Every structure is written in C-alpha cells, then in structure tokens.
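work_31.pdb, holding PDB, C-alpha atoms and all ligand atoms:
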```pdb
ATOM      1  CA  MET A 329      16.749  -0.316   0.314
ATOM      2  CA  SER A 330      17.376   1.956   3.275
ATOM      3  CA  GLN A 331      15.436   1.564   6.533
ATOM      4  CA  TRP A 332      13.967   4.207   8.780
ATOM      5  CA  CYS A 333      14.860   4.790  12.445
ATOM      6  CA  ASP A 334      11.784   5.828  14.457
ATOM      7  CA  HIS A 335      13.973   7.027  17.353
ATOM      8  CA  CYS A 336      16.088   9.444  15.321
ATOM      9  CA  ASP A 337      13.597  10.116  12.530
ATOM     10  CA  ARG A 338      16.198   9.552   9.845
ATOM     11  CA  PRO A 339      16.984   6.955   7.172
ATOM     12  CA  VAL A 340      19.452   4.251   8.148
ATOM     13  CA  GLU A 341      21.745   2.251   5.883
ATOM     14  CA  GLY A 342      21.858  -1.354   7.076
ATOM     15  CA  ASP A 343      19.993  -3.107   9.894
ATOM     16  CA  VAL A 344      21.220  -1.077  12.904
ATOM     17  CA  CYS A 345      21.004   2.683  13.363
ATOM     18  CA  GLU A 346      24.493   4.171  13.703
ATOM     19  CA  ILE A 347      23.181   7.007  15.919
ATOM     20  CA  CYS A 348      21.182   5.221  18.636
ATOM     21  CA  GLY A 349      22.198   1.621  17.922
ATOM     22  CA  GLU A 350      18.555   0.576  17.598
ATOM     23  CA  SER A 351      17.741  -2.300  15.269
ATOM     24  CA  VAL A 352      15.688  -0.990  12.360
ATOM     25  CA  LYS A 353      14.881  -4.281  10.676
ATOM     26  CA  ALA A 354      11.748  -3.826   8.596
ATOM     27  CA  PRO A 355       8.750  -5.745   9.954
ATOM     28  CA  GLU A 356       7.220  -8.475   7.839
ATOM     29  CA  PRO A 357       4.769  -6.939   5.398
ATOM     30  CA  GLU A 358       1.248  -7.817   6.449
ATOM     31  CA  PRO A 359      -0.917  -9.595   3.901
ATOM     32  CA  MET A 360      -3.585  -7.430   2.351
ATOM     33  CA  PRO A 361      -6.770  -7.583   4.463
ATOM     34  CA  TRP A 362      -9.710  -9.357   2.892
ATOM     35  CA  LEU A 363     -11.935  -6.318   3.428
ATOM     36  CA  TRP A 364      -9.510  -4.205   1.408
ATOM     37  CA  ARG A 365      -9.413  -6.762  -1.429
ATOM     38  CA  PHE A 366     -13.202  -6.874  -1.409
ATOM     39  CA  PHE A 367     -13.340  -3.082  -1.521
ATOM     40  CA  ILE A 368     -10.976  -2.903  -4.523
ATOM     41  CA  LEU A 369     -12.854  -5.680  -6.312
ATOM     42  CA  SER A 370     -16.231  -4.032  -5.787
ATOM     43  CA  THR A 371     -14.796  -0.702  -6.970
ATOM     44  CA  ILE A 372     -13.505  -2.309 -10.173
ATOM     45  CA  ILE A 373     -16.846  -4.029 -10.781
ATOM     46  CA  TYR A 374     -18.653  -0.748 -10.171
ATOM     47  CA  LEU A 375     -16.366   1.109 -12.615
ATOM     48  CA  ILE A 376     -16.842  -1.558 -15.288
ATOM     49  CA  TRP A 377     -20.591  -1.294 -14.778
ATOM     50  CA  ARG A 378     -20.496   2.499 -15.091
ATOM     51  CA  ILE A 379     -18.387   2.318 -18.283
ATOM     52  CA  TYR A 380     -20.774  -0.272 -19.678
ATOM     53  CA  GLN A 381     -23.713   2.042 -18.945
ATOM     54  CA  LEU A 382     -21.878   4.976 -20.525
ATOM     55  CA  ILE A 383     -21.181   2.994 -23.719
ATOM     56  CA  MET A 384     -24.812   1.886 -23.833
ATOM     57  CA  TRP A 385     -25.939   5.488 -23.337
ATOM     58  CA  LEU A 386     -23.571   6.806 -26.024
ATOM     59  CA  SER A 387     -24.628   4.204 -28.585
ATOM     60  CA  HIS A 388     -28.261   4.906 -27.933
TER      61      HIS A 388
HETATM   62 ZN    ZN B   1      18.376   5.822  15.529
END
```
Could you rewrite the structure in this file as structure tokens?
Amino acid sequence: MSQWCDHCDRPVEGDVCEICGESVKAPEPEPMPWLWRFFILSTIIYLIWRIYQLIMWLSH
C-alpha cells in the first residue's frame, strides 16, 4: 500500500518521501467513535422498522 506525502501532495512508495525526505508513516487508525456506531445502529434499526411497516402495509 502506498502512502501519501502531505508536503509534496503525491503518493510515496515506502516509509520516507524521496522528494522531501519526510517520513510518511501512516498514523494508527483511530477506533470508530461510539457516537458513530450508535448512529449506524439506530439507522439500521430504523430501516428494519420501515421495511417491517412496508411489509405490513403491503399485506394489508
Ligand atoms: Zn514529500
């Protein structure tokens, strides 16, 4: 996977940019925030509820 140099605005092969010599090691990926998980979960529950209502309405 190639990295990205913010200084030169170009992709870099390896850990150090060959243009400016800056280290472009990718930062540790942050864990997904709880608020985001809650948002996704509530969206899924809402969609399931809407589909359930639609099925109930269609079979009426
Ligand atoms: Zn660079």
Evaluate the PyMOL selection byres (((not hetatm)) within 7 of (chain B and resi 1)) against this structure - the residues, as JSON, numbers by chain, please. {"A": [333, 334, 335, 336, 345, 346, 347, 348, 349, 350]}
For Gly342 (chain A), find every residue with an atom within 9 Å (counting all atoms listed in the file), except residues of its own chain fewer than 2 positions away, and show them as a PyMOL selection string. chain A and resi 329-331+340+344-345+352-353
Report the centre and edge lengths, in Å to one decimal, of an axis-aligned box enclosing every atom of region 329-346 of chain A listed in the file, padded by 4 Å on each side, as JSON.
```
{"center_x": 18.1, "center_y": 3.5, "center_z": 8.8, "size_x": 20.7, "size_y": 21.2, "size_z": 25.0}
```
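Between CA of Pro361 (chain A) and CA of Ile373 (chain A) the separation is 18.6 Å.
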